[in-house]
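Have a look at the structure below before the remarks.
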Amino acid sequence: MAQPFLRFENGKISLNNKDLMVNSASLSIAPSLTVEKVYGDYDPSIAGARTEFVNFAPTSNLKGQLNISFYISSDVISPNSVNRLFELVDVANPDNSKKTISESPINGNIVGRYIFDNMYLTSFNFSLSPFQLIVANATYDIYGTIGKVADTYFTKSNVDFAHAMKSFGEVKISNQQSSEEFEIQDLNYNINVERNISNRIKYNEVGPTSVLTGGVVPARVSVESITSEVSIKSSDMVENLNSYGDQQNLSTQQSIPDSSVDVYLYGLNGERISRFRCAGKIQNQSFSITEGSNASSSITIKQIVR
Amino acid sequence: MSYSNYEQTVIINGHKLLGVQSVDGSYGINEKPIRVAGVGFIDAVPNAPLQGNFSVNRKMVGKDPLLETDSQGKYIYDEAEIDGVIMYDNDTKGFGFTKGRVSRYNVTCSVGNVPDIQTDITVYGNLGKNVSMNPTISENQIVQYPDQSSIKLFISDFSVDAVVDFSYSRSINILPVYALSKGDSQTWTNNQVIEDPKLEPVQMDTQYPIETDITVTMIASEYEIREIKDRLQSAPRSDVTIQICDANDHSDIINSFVGRNVRLISESLNSTIDGQMNISLSYKSYETHHNEI
């Protein structure tokens with residue numbers, strides 16, 4: 001007999017019918033409701049009609065969100081091969097010419113005891129810190145409702161996890177190689193997808209969809225924009241930063257190349273996993289010095305992919 | 001095969017240490033267990049830099065090479081890395097370390113004993129067999145013994161009564177800074193391994209001030225414990241000097257330790273039925289990097 005509370009070991013997480021090695025997940029779903037009020041009967045005491053609450057009314061699709069934190073691994077047949085699961089990784093990889101991702105929903109998703117479809121990736125990020133395991137995070141929007149499934153688990157061993165000890169980054173400010181003394185203490189890579197939902201009036205009104213538990217789902221969830229952003233904590237800031245977000249060492253702003261950060265992820269056993277790039281303009285940088293630690297700088301570069 | 005104590009040599013920064021009583025070397029790896037939803041435990045992976053510890057206990061039977069000072073009179077070990085090794089089996093085997101930093105230097109002495117020196121070293125570099133195996137050995141040191149008549153202690157603001165024991169201790173906090181490894185697209189394209197995985201800190205900074213604690217226990221005679229309210233309000237500073245001289249030549253200082261601008265932070269009086277009344281004084285000082293106080 002199942003226990004009332006799901007054990008961590010029995011809370012399998014699958015996306016697109018593929019098992020994923022997740023260390024934390026949170027699933028939420030909420031209707032978008034507004035209060036319906038109408039004018040009631042005539043009330044002589046106020047010489048007018050009082051407003052009356054009738055009901056809550058949905059104003060949009062039933063929408064949820066899934067946040068997962070997972071370990072990246074190098075094994076190509078591993079559940080967590082980012083190359084297979086996340087198209088965003090292809091977009092971020094300079095070896096690919098891909099500039100957008102599919103608008104198709106991700107179906108066949110299970111988080112613990114709950115099953116759902118119509119999921120869309122909205123962000124993916126990971127961070128590198130010295131000697132730390134690389135943990136990635138992904139966020140999805142979910143439309144429609146959720147169902148329930150039995151507790152389940154899977155088995156996995158001998159995984160080569162992506163680790164900062166073997167991975168590295170390369171920073172080029174306005175395409176200039178950074179100096180020998182320039183060191184990166186932490187690196188955060190983010191790629192975000194801005195999406196727009198479209199609903200068809202007739203599609204929503206007619207047919208069985210209007211009486212299903214989950215109600216209607218969007219007719220299209222389009223990809224409006226994709227942006228990538230890298231923030232590094234480093235030993236130095238960029239000098240001679242101009243208003244265009246470039247390092248300007250000459251008397252012209254013309255033809256200054258973008259700044260870039262390349263991140264190369266390797267497994268702890270030295271296997272190549274994936275390469276990420278963000279090439280764009282410096283959005284901001286800062287310098288801080290605090291008692292008890294060394295001074296550190298922060299640089300953020302942003303790229304508009306689409 | 002086992003190795004007797006007379007077959008071992010302890011070398012720090014190329015100096016064969018004299019009077020070594022014991023040496024402890026160790027390292028540890030921190031691991032993070034990986035637990036996955038729907039699976040459970042999968043593996044454990046390293047999640048912290050390798051750090052080792054090396055601890056040497058000695059009797060003070062000669063000048064301590066670790067007490068070398070720079071032109072400003074500051075101990076070189078405050079800022080410098082040190083290497084060391086324990087060699088054995090006719091110096092063919094060894095257990096050594098690189099990139100060590102002194103984290104604590106402690107001298108204790110009581111009447112009737114040769115002073116003890118305890119040195120704790122934190123290792124940020126490599127540690128293990130065959131590390132630092134070919135040190136350049138400095139010239140042999142001269143063995144010199146102090147006795148209780150050749151140990152002198154001066155405190156600038158009063159005349160010291162008969163001292164029965166003292167301790168001098170410096171604690172040094174090191175801030176190691178680690179960074180991500182560097183590489184380029186060639187490394188990736190050619191499926192190479194990075195040449196310089198940053199397993200060691202890119203920078204090691206001493207965190208100032210360095211705290212020095214000096215404790216002196218003396219037989220109560222002329223000295224009287226001061227009033228705490230006076231101490232709290234005025235907090236005067238003194239200089240404490242400990243000179244450990246050769247028993248055969250009291251003018252030949254083997255090692256000396258100075259606490260400048262130390263503050264008396266505690267006094268205690270101890271009296272038992274089978275002993276003399278003792279007074280213990282504890283002093284503390286703070287040594288700075290640039291800003292002399």
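As shown in the structure tokens, the chain order sets the letters A, B, ...; within each chain, residues go from 1, and ligands are also counted from 1 in the order they appear.
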- Message: Can you pull out the residues contacting Val305 of chain A? Cut-off 8 Å, using only C-alpha atoms, and skip same-chain residues under 3 positions away; I want them as a PyMOL selection string.
- Response: chain A and resi 91+99-100+225-228
Export of the given selection (N, CA and C atoms) as a PDB file, in the first residue's frame:
```pdb
ATOM      1  N   VAL A  91      20.953  25.833 -29.275  1.00  0.00           N
ATOM      2  CA  VAL A  91      20.961  27.253 -29.636  1.00  0.00           C
ATOM      3  C   VAL A  91      22.202  27.936 -29.051  1.00  0.00           C
ATOM      4  N   LYS A  99      18.958  28.683 -34.427  1.00  0.00           N
ATOM      5  CA  LYS A  99      18.700  29.977 -33.802  1.00  0.00           C
ATOM      6  C   LYS A  99      17.373  30.031 -33.060  1.00  0.00           C
ATOM      7  N   THR A 100      16.613  28.961 -33.147  1.00  0.00           N
ATOM      8  CA  THR A 100      15.336  28.963 -32.428  1.00  0.00           C
ATOM      9  C   THR A 100      15.038  27.555 -31.954  1.00  0.00           C
ATOM     10  N   SER A 225      11.274  35.507 -28.353  1.00  0.00           N
ATOM     11  CA  SER A 225      12.685  35.899 -28.329  1.00  0.00           C
ATOM     12  C   SER A 225      13.482  34.893 -27.500  1.00  0.00           C
ATOM     13  N   ILE A 226      14.753  34.811 -27.830  1.00  0.00           N
ATOM     14  CA  ILE A 226      15.669  33.978 -27.046  1.00  0.00           C
ATOM     15  C   ILE A 226      16.880  34.842 -26.708  1.00  0.00           C
ATOM     16  N   THR A 227      17.191  34.917 -25.445  1.00  0.00           N
ATOM     17  CA  THR A 227      18.357  35.701 -25.028  1.00  0.00           C
ATOM     18  C   THR A 227      19.245  34.845 -24.125  1.00  0.00           C
ATOM     19  N   SER A 228      20.516  35.028 -24.282  1.00  0.00           N
ATOM     20  CA  SER A 228      21.431  34.347 -23.367  1.00  0.00           C
ATOM     21  C   SER A 228      22.224  35.394 -22.600  1.00  0.00           C
TER      22      SER A 228
END
```
Using only C-alpha atoms, what does the table of chain A residues within 8 Å of chain B look like, with each row giving the shortest atom pair and its distance in Å to one decimal, sorted by chain and ascending number, as JSON lines?
```
{"residue": "A:Phe8", "atom": "CA", "partner": "B:Ala37", "partner_atom": "CA", "distance": 5.2}
{"residue": "A:Glu9", "atom": "CA", "partner": "B:Gly38", "partner_atom": "CA", "distance": 4.4}
{"residue": "A:Asn10", "atom": "CA", "partner": "B:Gly38", "partner_atom": "CA", "distance": 4.4}
{"residue": "A:Gly11", "atom": "CA", "partner": "B:Gly38", "partner_atom": "CA", "distance": 4.2}
{"residue": "A:Lys12", "atom": "CA", "partner": "B:Gly38", "partner_atom": "CA", "distance": 3.6}
{"residue": "A:Ile13", "atom": "CA", "partner": "B:Gly38", "partner_atom": "CA", "distance": 6.6}
{"residue": "A:Met21", "atom": "CA", "partner": "B:Val36", "partner_atom": "CA", "distance": 5.4}
{"residue": "A:Val22", "atom": "CA", "partner": "B:Val36", "partner_atom": "CA", "distance": 5.3}
{"residue": "A:Asn23", "atom": "CA", "partner": "B:Val36", "partner_atom": "CA", "distance": 4.9}
{"residue": "A:Ser24", "atom": "CA", "partner": "B:Ala37", "partner_atom": "CA", "distance": 7.2}
{"residue": "A:Gly112", "atom": "CA", "partner": "B:Gly38", "partner_atom": "CA", "distance": 7.7}
{"residue": "A:Leu128", "atom": "CA", "partner": "B:Leu180", "partner_atom": "CA", "distance": 7.8}
{"residue": "A:Ser129", "atom": "CA", "partner": "B:Leu180", "partner_atom": "CA", "distance": 6.9}
{"residue": "A:Pro130", "atom": "CA", "partner": "B:Leu180", "partner_atom": "CA", "distance": 5.4}
{"residue": "A:Phe131", "atom": "CA", "partner": "B:Asn47", "partner_atom": "CA", "distance": 5.1}
{"residue": "A:Gln132", "atom": "CA", "partner": "B:Asn47", "partner_atom": "CA", "distance": 4.8}
{"residue": "A:Leu133", "atom": "CA", "partner": "B:Asn47", "partner_atom": "CA", "distance": 6.7}
{"residue": "A:Thr152", "atom": "CA", "partner": "B:Gly38", "partner_atom": "CA", "distance": 6.8}
{"residue": "A:Tyr153", "atom": "CA", "partner": "B:Gly38", "partner_atom": "CA", "distance": 4.3}
{"residue": "A:Phe154", "atom": "CA", "partner": "B:Val39", "partner_atom": "CA", "distance": 5.6}
{"residue": "A:Thr155", "atom": "CA", "partner": "B:Val39", "partner_atom": "CA", "distance": 5.6}
{"residue": "A:Lys156", "atom": "CA", "partner": "B:Ile42", "partner_atom": "CA", "distance": 6.9}
{"residue": "A:Ser157", "atom": "CA", "partner": "B:Ile42", "partner_atom": "CA", "distance": 5.8}
{"residue": "A:Asn158", "atom": "CA", "partner": "B:Asp43", "partner_atom": "CA", "distance": 7.8}
{"residue": "A:Val159", "atom": "CA", "partner": "B:Asp43", "partner_atom": "CA", "distance": 7.9}
{"residue": "A:Ala164", "atom": "CA", "partner": "B:Leu180", "partner_atom": "CA", "distance": 7.2}
{"residue": "A:Met165", "atom": "CA", "partner": "B:Pro197", "partner_atom": "CA", "distance": 6.9}
{"residue": "A:Lys166", "atom": "CA", "partner": "B:Pro197", "partner_atom": "CA", "distance": 6.7}
{"residue": "A:Ser167", "atom": "CA", "partner": "B:Ser181", "partner_atom": "CA", "distance": 6.8}
{"residue": "A:Phe168", "atom": "CA", "partner": "B:Ser181", "partner_atom": "CA", "distance": 4.9}
{"residue": "A:Gly169", "atom": "CA", "partner": "B:Lys182", "partner_atom": "CA", "distance": 5.9}
{"residue": "A:Glu170", "atom": "CA", "partner": "B:Asp184", "partner_atom": "CA", "distance": 6.0}
{"residue": "A:Glu183", "atom": "CA", "partner": "B:Ala179", "partner_atom": "CA", "distance": 6.1}
{"residue": "A:Ile184", "atom": "CA", "partner": "B:Ala179", "partner_atom": "CA", "distance": 5.5}
{"residue": "A:Gln185", "atom": "CA", "partner": "B:Ala179", "partner_atom": "CA", "distance": 4.5}
{"residue": "A:Asp186", "atom": "CA", "partner": "B:Leu180", "partner_atom": "CA", "distance": 7.2}
{"residue": "A:Tyr264", "atom": "CA", "partner": "B:Trp188", "partner_atom": "CA", "distance": 7.2}
{"residue": "A:Gly270", "atom": "CA", "partner": "B:Val193", "partner_atom": "CA", "distance": 6.9}
{"residue": "A:Arg272", "atom": "CA", "partner": "B:Asn191", "partner_atom": "CA", "distance": 7.3}
{"residue": "A:Gly292", "atom": "CA", "partner": "B:Gln207", "partner_atom": "CA", "distance": 7.3}
{"residue": "A:Ser293", "atom": "CA", "partner": "B:Leu175", "partner_atom": "CA", "distance": 7.6}
```
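Counting only C-alpha atoms, the residue from B:Val160, B:Ala80, B:Val258, B:Met87 that sits nearest to Gln8 of chain B is B:Met87.
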Which residues, written as a PDB file with C-alpha atoms, in the first residue's frame, have at least one atom at most 10 Å from segment 142-153 of chain B, with only C-alpha atoms counted and residues fewer than 4 positions away on the same chain left out?
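So selection22.pdb came out as:
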```pdb
ATOM      1  CA  LEU B  18      66.401  19.692  14.999  1.00  0.00           C
ATOM      2  CA  GLY B  19      64.742  18.181  18.033  1.00  0.00           C
ATOM      3  CA  LYS B  59      62.201  20.506  21.333  1.00  0.00           C
ATOM      4  CA  MET B  60      64.029  23.809  21.005  1.00  0.00           C
ATOM      5  CA  VAL B  61      67.621  22.627  20.656  1.00  0.00           C
ATOM      6  CA  GLY B  62      68.871  25.185  18.184  1.00  0.00           C
ATOM      7  CA  LYS B  63      67.958  28.213  16.167  1.00  0.00           C
ATOM      8  CA  CYS B 109      58.077  26.211  28.295  1.00  0.00           C
ATOM      9  CA  SER B 110      57.965  25.397  31.959  1.00  0.00           C
ATOM     10  CA  VAL B 111      60.614  25.192  34.630  1.00  0.00           C
ATOM     11  CA  GLY B 112      62.724  22.073  34.243  1.00  0.00           C
ATOM     12  CA  ASN B 113      61.877  21.476  30.587  1.00  0.00           C
ATOM     13  CA  VAL B 114      63.405  22.373  27.263  1.00  0.00           C
ATOM     14  CA  PRO B 115      60.951  24.632  25.378  1.00  0.00           C
ATOM     15  CA  SER B 159      59.433  43.881  36.982  1.00  0.00           C
ATOM     16  CA  VAL B 160      58.659  40.221  36.452  1.00  0.00           C
ATOM     17  CA  ASP B 161      58.635  37.840  39.393  1.00  0.00           C
ATOM     18  CA  ALA B 162      59.916  34.267  39.108  1.00  0.00           C
ATOM     19  CA  VAL B 163      58.369  32.804  35.980  1.00  0.00           C
ATOM     20  CA  VAL B 164      57.329  29.162  36.159  1.00  0.00           C
ATOM     21  CA  ASP B 165      56.018  28.781  32.628  1.00  0.00           C
ATOM     22  CA  PHE B 166      55.112  30.708  29.551  1.00  0.00           C
ATOM     23  CA  VAL B 216      53.084  33.986  31.586  1.00  0.00           C
ATOM     24  CA  VAL B 240      56.894  41.406  26.056  1.00  0.00           C
ATOM     25  CA  THR B 241      60.229  39.899  25.136  1.00  0.00           C
ATOM     26  CA  ILE B 242      61.185  36.277  25.612  1.00  0.00           C
ATOM     27  CA  GLN B 243      64.814  35.394  25.089  1.00  0.00           C
ATOM     28  CA  ILE B 244      65.894  31.786  25.029  1.00  0.00           C
ATOM     29  CA  CYS B 245      69.681  31.640  25.346  1.00  0.00           C
ATOM     30  CA  ASP B 246      72.312  28.969  25.236  1.00  0.00           C
ATOM     31  CA  ALA B 247      72.816  27.317  28.610  1.00  0.00           C
ATOM     32  CA  ASN B 248      76.572  27.490  28.102  1.00  0.00           C
ATOM     33  CA  ASP B 249      76.632  31.112  27.015  1.00  0.00           C
ATOM     34  CA  HIS B 250      73.799  33.274  28.292  1.00  0.00           C
ATOM     35  CA  SER B 251      74.689  36.040  25.877  1.00  0.00           C
ATOM     36  CA  ASP B 252      74.034  33.782  22.870  1.00  0.00           C
ATOM     37  CA  ILE B 253      70.347  34.024  22.059  1.00  0.00           C
ATOM     38  CA  ILE B 254      69.025  30.848  20.431  1.00  0.00           C
ATOM     39  CA  ASN B 255      65.580  32.223  19.643  1.00  0.00           C
ATOM     40  CA  SER B 256      63.706  35.250  20.819  1.00  0.00           C
ATOM     41  CA  PHE B 257      60.057  36.159  20.653  1.00  0.00           C
ATOM     42  CA  VAL B 258      58.695  39.645  20.934  1.00  0.00           C
TER      43      VAL B 258
END
```
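Atom pair atom CA of Gln51 of chain B / atom CA of Gly28 of chain B: separated by 6.5 Å.
The space separating atom CA of Ser285 of chain B from atom CA of Glu211 of chain B comes to 5.8 Å.
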- Query: How would you write, as a ChimeraX atom specification, the set of residues in segment 44-222 of chain A that DSSP gives as helix (DSSP H, G or I)?
  - Reply: /A:82-85,87-92,201-205,208-211
Give me the residues near segment 60-74 of chain A as a short mmCIF file (atom, residue, chain, number, x, y, z; two decimals) with N, CA and C atoms, in the first residue's frame, where near means some atom within 7 Å (using only C-alpha atoms) and where sequence neighbours in that chain fewer than 4 positions away do not count.
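Result went into result-v4.cif, see below:
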```cif
data_model
loop_
_atom_site.label_atom_id
_atom_site.label_comp_id
_atom_site.auth_asym_id
_atom_site.auth_seq_id
_atom_site.Cartn_x
_atom_site.Cartn_y
_atom_site.Cartn_z
N MET A 21 17.58 12.92 -13.98
CA MET A 21 18.20 12.86 -12.65
C MET A 21 18.10 14.23 -11.98
N VAL A 22 17.04 14.40 -11.24
CA VAL A 22 16.69 15.70 -10.68
C VAL A 22 16.93 15.68 -9.18
N ASN A 23 17.54 16.73 -8.69
CA ASN A 23 17.72 16.77 -7.24
C ASN A 23 16.64 17.59 -6.55
N SER A 24 15.96 18.44 -7.29
CA SER A 24 14.77 19.08 -6.71
C SER A 24 13.85 19.53 -7.83
N ALA A 25 12.58 19.48 -7.54
CA ALA A 25 11.58 19.91 -8.53
C ALA A 25 10.42 20.54 -7.79
N SER A 26 9.85 21.54 -8.39
CA SER A 26 8.62 22.10 -7.82
C SER A 26 7.63 22.34 -8.94
N LEU A 27 6.44 21.86 -8.70
CA LEU A 27 5.37 21.93 -9.70
C LEU A 27 4.23 22.73 -9.10
N SER A 28 3.75 23.68 -9.85
CA SER A 28 2.61 24.46 -9.36
C SER A 28 1.64 24.66 -10.51
N ILE A 29 0.40 24.81 -10.17
CA ILE A 29 -0.60 25.07 -11.22
C ILE A 29 -1.70 25.93 -10.61
N ALA A 30 -2.18 26.85 -11.37
CA ALA A 30 -3.16 27.79 -10.82
C ALA A 30 -4.06 28.32 -11.93
N PRO A 31 -5.34 28.39 -11.63
CA PRO A 31 -6.21 29.07 -12.58
C PRO A 31 -6.05 30.58 -12.44
N SER A 32 -6.39 31.27 -13.48
CA SER A 32 -6.37 32.74 -13.43
C SER A 32 -7.80 33.20 -13.27
N SER A 78 22.65 8.68 -21.22
CA SER A 78 22.18 8.96 -19.87
C SER A 78 20.89 9.76 -19.93
N ASN A 80 20.23 12.33 -18.46
CA ASN A 80 20.44 13.76 -18.33
C ASN A 80 21.30 14.38 -19.41
N SER A 81 21.44 13.72 -20.52
CA SER A 81 22.20 14.32 -21.60
C SER A 81 21.49 15.58 -22.05
N VAL A 82 22.10 16.70 -21.77
CA VAL A 82 21.45 17.97 -22.10
C VAL A 82 21.29 18.13 -23.60
N ILE A 134 28.30 20.54 -11.28
CA ILE A 134 27.51 21.52 -12.05
C ILE A 134 26.04 21.13 -11.97
N VAL A 135 25.28 22.02 -11.42
CA VAL A 135 23.84 21.79 -11.29
C VAL A 135 23.12 22.76 -12.22
N ALA A 136 22.23 22.23 -13.03
CA ALA A 136 21.49 23.08 -13.96
C ALA A 136 20.06 23.24 -13.46
N ASN A 137 19.45 24.31 -13.90
CA ASN A 137 18.05 24.57 -13.56
C ASN A 137 17.28 24.82 -14.84
N ALA A 138 16.06 24.33 -14.89
CA ALA A 138 15.21 24.60 -16.05
C ALA A 138 13.82 24.96 -15.55
N THR A 139 13.19 25.86 -16.29
CA THR A 139 11.84 26.29 -15.93
C THR A 139 10.93 26.08 -17.14
N TYR A 140 9.76 25.56 -16.87
CA TYR A 140 8.79 25.29 -17.94
C TYR A 140 7.45 25.93 -17.56
N ASP A 141 6.74 26.37 -18.59
CA ASP A 141 5.34 26.75 -18.41
C ASP A 141 4.49 25.56 -18.79
N ILE A 142 3.43 25.36 -18.03
CA ILE A 142 2.54 24.22 -18.28
C ILE A 142 1.13 24.76 -18.49
N TYR A 143 0.44 24.23 -19.49
CA TYR A 143 -0.95 24.60 -19.74
C TYR A 143 -1.80 23.35 -19.64
N GLY A 144 -3.00 23.51 -19.11
CA GLY A 144 -3.86 22.35 -18.91
C GLY A 144 -3.68 21.83 -17.50
N THR A 145 -4.38 20.76 -17.22
CA THR A 145 -4.39 20.28 -15.84
C THR A 145 -3.44 19.11 -15.63
N VAL A 159 27.52 7.11 -13.52
CA VAL A 159 27.26 8.33 -14.28
C VAL A 159 28.45 9.27 -14.16
N ASP A 160 28.87 9.82 -15.28
CA ASP A 160 29.96 10.80 -15.26
C ASP A 160 29.33 12.20 -15.24
N PHE A 161 29.26 12.76 -14.07
CA PHE A 161 28.58 14.04 -13.92
C PHE A 161 29.48 15.20 -14.33
N ALA A 162 28.87 16.20 -14.91
CA ALA A 162 29.61 17.42 -15.26
C ALA A 162 30.13 18.06 -13.98
N GLY A 214 -9.26 19.99 -17.70
CA GLY A 214 -8.20 20.97 -17.89
C GLY A 214 -8.61 22.16 -18.72
N VAL A 216 -9.26 24.44 -21.80
CA VAL A 216 -8.59 24.59 -23.09
C VAL A 216 -7.10 24.87 -22.90
N VAL A 217 -6.37 24.49 -23.88
CA VAL A 217 -4.94 24.81 -23.88
C VAL A 217 -4.69 25.77 -25.04
N GLY A 267 32.84 16.15 -18.02
CA GLY A 267 32.52 15.27 -16.90
C GLY A 267 33.72 15.12 -15.99
N GLU A 271 35.20 13.49 -19.87
CA GLU A 271 34.40 13.39 -21.09
C GLU A 271 33.84 14.76 -21.47
N ARG A 272 33.87 15.08 -22.75
CA ARG A 272 33.26 16.32 -23.19
C ARG A 272 31.74 16.20 -23.10
N ILE A 273 31.10 17.27 -22.64
CA ILE A 273 29.63 17.22 -22.52
C ILE A 273 28.97 18.21 -23.45
#
```
> What are the DSSP strand (DSSP E) residues of segment 132-256 of chain B, as a VMD selection string?
Replying inline: chain B and resid 151 to 155 163 to 177 181 to 182 203 to 219 237 to 245 253 to 256
inquiry  = Applying 7 Å and only C-alpha atoms, which residues near Pro218 of chain A remain after dropping the ones on its own chain fewer than 5 positions away? List them as a VMD selection string.
reply    = chain A and resid 197 to 199
Keeping only N, CA and C atoms, take the residues you just selected and write them out as a CSV table (one decimal), in the first residue's frame.
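As written to disk, result31.csv reads:
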```csv
chain,number,residue,atom,x,y,z
A,197,ILE,N,1.3,33.3,-25.8
A,197,ILE,CA,0.3,32.3,-26.1
A,197,ILE,C,-0.9,32.8,-27.0
A,198,SER,N,-1.4,32.0,-27.8
A,198,SER,CA,-2.5,32.4,-28.7
A,198,SER,C,-3.7,31.4,-28.4
A,199,ASN,N,-4.9,31.9,-28.3
A,199,ASN,CA,-6.0,31.0,-28.1
A,199,ASN,C,-7.0,31.4,-29.3
```
Atom CA of Ile304 of chain A to atom CA of Lys98 of chain A measures 13.4 Å
